[in-house]
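Enquirer: Sharing a structure with you now.
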Amino acid sequence: MSDINSSTSPIETQENVGADYDFDSVKRIPFYFGSEDKPLLGWLHTTDSKQHSNTGVIICPPLAVEYMNSYRSMRYVADYFALAGIPALRFDYHGTGDSSGVEEDEDRLESWQWSIDQAIEQLKTITGCTKYGLFGFRIGATLAALVAERIPVEFLILWATLNSGKKYIREIKLIQKTGKIQSNDNDDLLLEAGGMGYWEQTANDISKINLMNITPRAKRILVIPRDEQTTDTELYDVWKENDLCVDRVNLIGSTLMLVDAHLTVVPHQSIQDIVQWVQKDLDKNLITNKIQTITQNHPTSANINHASHSQKIALQDNSTVKESILYFGAKNENIAILTETDKSKDSNLPTVLILNSGANHRVGPSRLYVSIARELSLMGFRCLRIDVPGIGDSIISSQALENIEYINSSSHKILEATKALTPNPLNNDFILMGLCSGAYFSFHAALELSGVTIAESILINPLTFYWEEGMTADTSPTKDFSIWNWYKHAITNQDSWIKLIQGKIDYKSLATAIQNRIIMKFTSSFKYLKHTETLKNINKHREQLPADLIKITDKNIQIQFILSRSDPGHDILMTNAGKTIKKLQRSNKIDIKFIEDADHTFSKYKPRRNLIYTITQHFKEKINKNN
């Protein structure tokens with residue numbers, strides 16, 4: 001076992017452990033690399049120090065929803081290495097995140113490993129490092145181990161790794177079964193979970209992985225089990241028997257890095273322990289820091305071949321979009337990705353601003369925003385995927401302000417983003433779009449902004465239109481609407497009745513939701529009732545929402561709602577502003593479209609494709625009107 005001390009700090013306190021570190025001194029430099037036909041987006045983390053270690057590190061992230069939820073934590077991993085003088089490169093594999101490619105591409109396992117190879121070469125080129133190690137989390141650790149079997153590395157860090165590909169596929173099947181994934185039109189898509197599909201070839205390739213049968217060419221290896229698997233020593237034992245220099249240590253943190261993004265906890269102390277393990281036997285040679293001059297020659301834009309794999313939304317085969325990194329804000333402290341084509345640069349169509357969904361960074365749940373932006377750009381629209389402050393790579397100094405789904409300054413930040421764009425000389429109009437909290441941002445920007453022309457606000461599955469400081473999920477009106485909406489659908493579902501009978505349902509929450517629903521249904525004012533915080537908020541919103549919808553449409557801004565049929569969004573709308581909604585629908589100022597069989601974040605493949613098709617058809621109508 002390892003001689004480093006395992007973290008004993010409770011995970012809930014680890015968020016404060018990094019407060020003494022100077023994260024403001026970290027330089028995070030985005031750039032594109034890879035090949036001309038398969039560009040990847042990466043972030044180099046370093047400092048302004050005159051020298052840095054001769055050894056760098058590659059951060060290999062997980063996939064699917066684990067990639068989304070752990071994004072902030074992986075950014076901190078890179079920060080801590082940089083502060084220790086070890087240049088760190090984190091990146092998105094081909095077909096994931098901001099990189100090129102789509103999940104339907106062939107040879108996924110090979111492309112993911114190829115992406116790590118490319119990252120290694122870039123780290124050496126940019127930093128001058130002659131040595132490097134690999135850090136991997138979850139299946140990112142598995143991929144790192146596979147690469148280390150081919151390429152010698154200084155160190156290999158495997159955190160919560162998946163030792164067996166067959167076990168990983170079993171996990172996916174279990175999640176798929178639990179989530180009641182609907183069948184889809186693509187017979188080759190055998191598995192999907194966490195917002196990602198695994199076609200037959202990919203599933204078969206993953207199933208063949210068995211880390212117990214490989215021998216990594218690493219001088220040192222650190223194995224860190226999952227929080228709930230601290231007694232599992234199988235991989236450590238096998239590699240130790242094979243005379244590998246391997247340590248094993250229990251560090252807490254993997255579980256709460258993988259919960260929903262807005263609830264994640266960064267395990268600062270555990271990350272610091274990992275960096276200290278690397279430093280213990282690190283090559284002491286230092287090299288002059290040439291990073292700042294070298295990175296000036298690395299591209300901040302890339303041409304990406306994008307061809308839809310869904311016949312419904314296929315526009316052109318092998319069409320090319322250009323994606324560029326754009327900074328905005330008073331000090332250029334915020335990040336966005338601009339997607340455009342030569343056609344969109346010259347068109348007189350509005351620019352589409354796509355805003356963060358929850359605490360997910362700019363790629364959107366299940367990479368939804370990337371697909372939408374590239375599709376719309378091929379149609380002639382410029383699209384800007386924005387990270388608001390505290391989300392993704394829009395870094396803020398206060399850790400306490402990170403990962404907040406709803407921020408009061410959102411409209412101001414959106415305005416700053418519009419100013420950072422090079423205006424299209426033919427049209428300075430904008431369309432706002434977002435899912436969940438992105439819908440909230442789009443609603444308020446349409447309501448509050450002046451001095452910028454907003455043509456339309458597209459609200460996808462909004463859960464609330466008003467959020468006050470101190471409000472929580474328990475006091476938000478959304479909770480009761482969600483519970484009531486579940487009850488309506490569950491009443492015809494046999495499995496739900498079984499759960500109810502077996503006591504697996506939160507009776508108290510259900511009873512409260514039903515009570516509040518009765519009050520909302522049969523009283524227009526309930527000031528005489530004993531108020532709960534939920535009822536106070538519901539009452540205020542019923543007075544405010546109709547007026548604000550009228551204010552927005554009076555500014556000649558079209559409002560388009562796109563709602564999952566099973567989501568509470570439509571119920572929220574009609575309960576709070578039903579008469580106004582119907583009136584504005586009759587005058588064609590508001591439109592509502594529904595997506596069937598979709599959950600809140602469109603994590604299933606078929607409904608997600610139907611959403612993208614619905615959006616592209618909507619924009620196609622705009623082009624026809626414009627012509």
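Ligands are numbered from 1 in the order shown, residues from 1 within each chain, and chains are lettered A, B, ... in the order they appear in the structure tokens.
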Find the residues around segment 108-122 of chain A up to 6 Å (only C-alpha atoms counted), leave out those fewer than 2 positions away in its own chain, and share them as a PyMOL selection string.
Expert: chain A and resi 34+93+106+124-126+202
Enquirer: Got time to write the residues from that selection, C-alpha atoms, as a short mmCIF file (atom, residue, chain, number, x, y, z; two decimals), in the first residue's frame?
Expert:
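New file out-v6.cif:
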data_model
loop_
_atom_site.label_atom_id
_atom_site.label_comp_id
_atom_site.auth_asym_id
_atom_site.auth_seq_id
_atom_site.Cartn_x
_atom_site.Cartn_y
_atom_site.Cartn_z
CA GLY A 34 -5.27 17.16 -33.00
CA TYR A 93 -11.91 13.41 -26.54
CA GLU A 106 -17.15 4.56 -35.67
CA LYS A 124 5.47 18.18 -24.96
CA THR A 125 5.38 20.71 -27.80
CA ILE A 126 3.86 23.58 -25.84
CA THR A 202 -18.28 0.55 -29.28
#
Enquirer: With a distance cut-off of 8 Å and only C-alpha atoms, select the neighbouring residues of segment 595-603 of chain A, excluding the residue or stretch itself and same-chain residues fewer than 2 positions from it, and output the selection as a ChimeraX atom specification.
Expert: /A:182,193-196,365-366,435,461,562-567,593,605,607-608,610-611
Enquirer: Restrict the selected residues to N, CA and C atoms and save them as a PDB file, in the first residue's frame.
Expert:
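The file below, result_19.pdb, is the result:
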ATOM      1  N   GLN A 182     -36.802   4.407 -23.764  1.00  0.00           N
ATOM      2  CA  GLN A 182     -37.711   3.993 -24.821  1.00  0.00           C
ATOM      3  C   GLN A 182     -36.914   3.412 -25.984  1.00  0.00           C
ATOM      4  N   ALA A 193     -27.095   5.462 -21.829  1.00  0.00           N
ATOM      5  CA  ALA A 193     -27.257   5.839 -20.427  1.00  0.00           C
ATOM      6  C   ALA A 193     -26.447   7.095 -20.188  1.00  0.00           C
ATOM      7  N   GLY A 194     -26.932   7.909 -19.268  1.00  0.00           N
ATOM      8  CA  GLY A 194     -26.204   9.135 -18.953  1.00  0.00           C
ATOM      9  C   GLY A 194     -26.123  10.096 -20.113  1.00  0.00           C
ATOM     10  N   GLY A 195     -27.098  10.005 -21.046  1.00  0.00           N
ATOM     11  CA  GLY A 195     -27.113  10.942 -22.165  1.00  0.00           C
ATOM     12  C   GLY A 195     -26.134  10.603 -23.273  1.00  0.00           C
ATOM     13  N   MET A 196     -25.681   9.353 -23.338  1.00  0.00           N
ATOM     14  CA  MET A 196     -24.727   8.957 -24.384  1.00  0.00           C
ATOM     15  C   MET A 196     -25.111   7.596 -24.914  1.00  0.00           C
ATOM     16  N   PRO A 365     -26.380  19.547 -21.622  1.00  0.00           N
ATOM     17  CA  PRO A 365     -26.618  18.143 -21.265  1.00  0.00           C
ATOM     18  C   PRO A 365     -26.590  17.247 -22.494  1.00  0.00           C
ATOM     19  N   SER A 366     -25.924  16.126 -22.372  1.00  0.00           N
ATOM     20  CA  SER A 366     -25.831  15.167 -23.490  1.00  0.00           C
ATOM     21  C   SER A 366     -25.269  15.829 -24.743  1.00  0.00           C
ATOM     22  N   LEU A 435     -32.022  25.820 -21.960  1.00  0.00           N
ATOM     23  CA  LEU A 435     -32.761  24.755 -21.285  1.00  0.00           C
ATOM     24  C   LEU A 435     -32.691  24.980 -19.781  1.00  0.00           C
ATOM     25  N   ASN A 461     -37.995  23.765 -21.550  1.00  0.00           N
ATOM     26  CA  ASN A 461     -38.244  23.176 -20.231  1.00  0.00           C
ATOM     27  C   ASN A 461     -37.892  24.104 -19.064  1.00  0.00           C
ATOM     28  N   ILE A 562     -40.520  25.220 -25.801  1.00  0.00           N
ATOM     29  CA  ILE A 562     -40.374  23.842 -26.244  1.00  0.00           C
ATOM     30  C   ILE A 562     -40.305  22.998 -24.984  1.00  0.00           C
ATOM     31  N   LEU A 563     -41.273  22.108 -24.818  1.00  0.00           N
ATOM     32  CA  LEU A 563     -41.458  21.424 -23.543  1.00  0.00           C
ATOM     33  C   LEU A 563     -41.509  19.914 -23.721  1.00  0.00           C
ATOM     34  N   SER A 564     -40.824  19.205 -22.817  1.00  0.00           N
ATOM     35  CA  SER A 564     -41.026  17.759 -22.738  1.00  0.00           C
ATOM     36  C   SER A 564     -42.441  17.517 -22.231  1.00  0.00           C
ATOM     37  N   ARG A 565     -43.135  16.610 -22.869  1.00  0.00           N
ATOM     38  CA  ARG A 565     -44.531  16.379 -22.508  1.00  0.00           C
ATOM     39  C   ARG A 565     -44.669  15.995 -21.031  1.00  0.00           C
ATOM     40  N   SER A 566     -43.705  15.262 -20.488  1.00  0.00           N
ATOM     41  CA  SER A 566     -43.801  14.789 -19.108  1.00  0.00           C
ATOM     42  C   SER A 566     -43.207  15.775 -18.101  1.00  0.00           C
ATOM     43  N   ASP A 567     -42.635  16.879 -18.570  1.00  0.00           N
ATOM     44  CA  ASP A 567     -42.016  17.856 -17.671  1.00  0.00           C
ATOM     45  C   ASP A 567     -43.090  18.787 -17.102  1.00  0.00           C
ATOM     46  N   LYS A 593     -44.463  24.154 -28.266  1.00  0.00           N
ATOM     47  CA  LYS A 593     -44.265  22.863 -28.936  1.00  0.00           C
ATOM     48  C   LYS A 593     -43.885  21.820 -27.884  1.00  0.00           C
ATOM     49  N   TYR A 605     -31.721   9.296 -26.616  1.00  0.00           N
ATOM     50  CA  TYR A 605     -31.251   9.608 -27.967  1.00  0.00           C
ATOM     51  C   TYR A 605     -32.374  10.079 -28.889  1.00  0.00           C
ATOM     52  N   PRO A 607     -35.638  11.201 -28.338  1.00  0.00           N
ATOM     53  CA  PRO A 607     -36.238  12.505 -28.027  1.00  0.00           C
ATOM     54  C   PRO A 607     -35.261  13.664 -28.231  1.00  0.00           C
ATOM     55  N   ARG A 608     -33.971  13.415 -27.955  1.00  0.00           N
ATOM     56  CA  ARG A 608     -32.983  14.485 -28.158  1.00  0.00           C
ATOM     57  C   ARG A 608     -32.892  14.841 -29.633  1.00  0.00           C
ATOM     58  N   ASN A 610     -35.283  14.394 -31.778  1.00  0.00           N
ATOM     59  CA  ASN A 610     -36.549  15.047 -32.119  1.00  0.00           C
ATOM     60  C   ASN A 610     -36.543  16.510 -31.700  1.00  0.00           C
ATOM     61  N   LEU A 611     -35.912  16.806 -30.565  1.00  0.00           N
ATOM     62  CA  LEU A 611     -35.792  18.202 -30.132  1.00  0.00           C
ATOM     63  C   LEU A 611     -34.972  19.000 -31.140  1.00  0.00           C
TER      64      LEU A 611
END
Enquirer: DSSP says strand (DSSP E) for which residues of segment 572-613 of chain A? Put them as a list in words?
Expert: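 Output for segment 572-613 of chain A, strand (DSSP E) only: Ile590, Asp591, Ile592, Lys593, Phe594 and Ile595 of chain A.
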Enquirer: Between atom CA of Glu456 of chain A and atom CA of Ser587 of chain A, what is the distance, to one decimal in Å?
Expert: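 Calculated distance between atom CA of Glu456 of chain A and atom CA of Ser587 of chain A is 15.3 Å.
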Enquirer: Please indicate the distance in Å from atom CA of Val147 of chain A to atom CA of Leu222 of chain A, rounded to one decimal place.
Expert: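 Here the two named atoms are 15.6 Å from each other.
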Enquirer: Please list as a PyMOL selection string every residue within 12 Å of Gly42 of chain A, counting only C-alpha atoms and excluding residues in the same chain fewer than 4 positions away.
Expert: chain A and resi 28-34+58-61+75+78+88-94+96-100+115-116+118-120+122-123+126+295+298-302+325+393
Enquirer: Write to file, as a compact mmCIF listing (two decimals), in the first residue's frame, the residues of the selection just made, with N, CA and C atoms.
Expert:
# COMPACT_ATOMS: atom_id res chain seq x y z
N ARG A 28 -5.05 29.61 -17.58
CA ARG A 28 -5.77 28.54 -18.28
C ARG A 28 -5.90 28.95 -19.74
N ILE A 29 -5.18 28.26 -20.59
CA ILE A 29 -5.05 28.69 -21.99
C ILE A 29 -5.75 27.69 -22.90
N PRO A 30 -6.86 28.09 -23.51
CA PRO A 30 -7.57 27.18 -24.42
C PRO A 30 -6.97 27.22 -25.83
N PHE A 31 -6.97 26.09 -26.49
CA PHE A 31 -6.47 26.04 -27.87
C PHE A 31 -6.96 24.75 -28.52
N TYR A 32 -6.92 24.74 -29.84
CA TYR A 32 -7.30 23.55 -30.61
C TYR A 32 -6.05 22.80 -31.05
N PHE A 33 -6.15 21.49 -31.07
CA PHE A 33 -5.04 20.65 -31.51
C PHE A 33 -5.62 19.39 -32.13
N GLY A 34 -4.81 18.38 -32.35
CA GLY A 34 -5.27 17.16 -33.00
C GLY A 34 -4.87 17.16 -34.45
N ILE A 58 -1.32 14.86 -18.14
CA ILE A 58 -2.51 14.87 -18.99
C ILE A 58 -3.70 14.45 -18.13
N ILE A 59 -4.78 15.22 -18.15
CA ILE A 59 -6.00 14.92 -17.40
C ILE A 59 -6.98 14.22 -18.34
N CYS A 60 -7.31 12.96 -18.04
CA CYS A 60 -8.22 12.17 -18.88
C CYS A 60 -9.59 12.09 -18.21
N PRO A 61 -10.59 12.78 -18.74
CA PRO A 61 -11.89 12.87 -18.08
C PRO A 61 -12.76 11.64 -18.33
N ARG A 75 -11.19 20.47 -13.63
CA ARG A 75 -10.53 21.77 -13.79
C ARG A 75 -9.65 22.08 -12.57
N ALA A 78 -6.37 20.10 -12.61
CA ALA A 78 -5.37 20.77 -13.45
C ALA A 78 -4.79 21.99 -12.75
N ALA A 88 -0.28 21.19 -16.76
CA ALA A 88 -1.36 20.21 -16.90
C ALA A 88 -2.19 20.54 -18.13
N LEU A 89 -2.57 19.51 -18.86
CA LEU A 89 -3.42 19.68 -20.03
C LEU A 89 -4.67 18.83 -19.86
N ARG A 90 -5.82 19.48 -19.85
CA ARG A 90 -7.09 18.76 -19.88
C ARG A 90 -7.73 19.00 -21.24
N PHE A 91 -8.60 18.11 -21.67
CA PHE A 91 -9.08 18.18 -23.05
C PHE A 91 -10.36 17.36 -23.19
N ASP A 92 -11.00 17.50 -24.33
CA ASP A 92 -12.18 16.71 -24.68
C ASP A 92 -11.81 15.70 -25.75
N TYR A 93 -12.15 14.44 -25.52
CA TYR A 93 -11.91 13.41 -26.54
C TYR A 93 -12.68 13.73 -27.82
N HIS A 94 -12.24 13.15 -28.90
CA HIS A 94 -12.98 13.27 -30.16
C HIS A 94 -14.40 12.74 -29.97
N THR A 96 -16.66 14.20 -28.15
CA THR A 96 -17.18 14.61 -26.85
C THR A 96 -16.92 16.09 -26.64
N GLY A 97 -17.67 16.69 -25.71
CA GLY A 97 -17.43 18.08 -25.32
C GLY A 97 -17.38 19.04 -26.49
N ASP A 98 -16.37 19.91 -26.48
CA ASP A 98 -16.21 20.94 -27.52
C ASP A 98 -15.40 20.45 -28.71
N SER A 99 -14.91 19.23 -28.67
CA SER A 99 -14.10 18.71 -29.77
C SER A 99 -14.98 18.32 -30.96
N SER A 100 -14.35 17.99 -32.07
CA SER A 100 -15.09 17.59 -33.26
C SER A 100 -15.61 16.16 -33.10
N SER A 115 -6.99 10.48 -28.96
CA SER A 115 -7.08 11.83 -28.40
C SER A 115 -6.06 12.01 -27.27
N ILE A 116 -5.88 10.98 -26.44
CA ILE A 116 -4.87 11.07 -25.37
C ILE A 116 -3.48 11.15 -25.97
N GLN A 118 -2.66 12.46 -28.81
CA GLN A 118 -2.50 13.82 -29.33
C GLN A 118 -2.23 14.81 -28.20
N ALA A 119 -2.91 14.62 -27.07
CA ALA A 119 -2.72 15.51 -25.93
C ALA A 119 -1.29 15.41 -25.40
N ILE A 120 -0.76 14.20 -25.36
CA ILE A 120 0.63 14.02 -24.91
C ILE A 120 1.59 14.79 -25.81
N GLN A 122 0.97 17.33 -27.71
CA GLN A 122 0.79 18.78 -27.55
C GLN A 122 1.43 19.29 -26.26
N LEU A 123 1.28 18.55 -25.19
CA LEU A 123 1.89 18.96 -23.93
C LEU A 123 3.40 19.09 -24.09
N ILE A 126 4.15 22.26 -26.42
CA ILE A 126 3.86 23.58 -25.84
C ILE A 126 4.77 23.90 -24.67
N THR A 295 2.39 29.37 -26.87
CA THR A 295 0.94 29.26 -27.02
C THR A 295 0.37 30.31 -27.96
N HIS A 298 -0.62 28.76 -31.18
CA HIS A 298 -1.60 27.68 -31.22
C HIS A 298 -2.98 28.25 -31.50
N PRO A 299 -3.73 27.58 -32.34
CA PRO A 299 -5.00 28.15 -32.83
C PRO A 299 -6.08 28.24 -31.76
N THR A 300 -6.83 29.33 -31.80
CA THR A 300 -8.00 29.50 -30.94
C THR A 300 -9.29 29.30 -31.74
N SER A 301 -9.14 28.74 -32.93
CA SER A 301 -10.32 28.39 -33.74
C SER A 301 -9.99 27.14 -34.55
N ALA A 302 -11.03 26.47 -35.00
CA ALA A 302 -10.83 25.24 -35.77
C ALA A 302 -11.99 25.04 -36.72
N ILE A 325 -12.85 30.38 -29.88
CA ILE A 325 -12.94 30.73 -28.46
C ILE A 325 -13.10 32.24 -28.36
N ASP A 393 -15.94 27.33 -17.68
CA ASP A 393 -14.63 27.98 -17.69
C ASP A 393 -14.71 29.50 -17.54
Enquirer: For a quick check of understanding, using only C-alpha atoms, which of A:Gln399, A:Thr464, A:Asn356, A:Gln51 has the smallest distance to Gly434 of chain A?
Expert: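 The closest residue to Gly434 of chain A is A:Asn356.
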Enquirer: Give me, please, the distance in Å between atom CA of Thr233 of chain A and atom CA of Ile271 of chain A, quoted to one decimal.
Expert: 20.8 Å
Enquirer: Give me the residues within 8 Å of segment 19-25 of chain A as a PyMOL selection string, counting only C-alpha atoms and dropping any in the same chain fewer than 6 places off.
Expert: chain A and resi 47-48+79+83+397+399
Enquirer: Which residues come within 10 Å of Thr142 of chain A, counting only C-alpha atoms, excluding same-chain residues fewer than 6 positions away, as a list in words?
Expert: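 The residues that qualify are Cys60, Pro62, Gly136, Ala148, Leu158, Trp159, Ala160, Thr161, Leu162, Asn163, Ser164, Gly165, Ile209, Asn210 and Leu211 of chain A.
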Enquirer: Please run DSSP on the backbone and report, as a ChimeraX atom specification, all residues within segment 146-315 of chain A that come out as helix (DSSP H, G or I).
Expert: /A:146-150,165-178,200-207,211-213,227-229,234-241,255-257,261-263,268-280,291-297,311-313
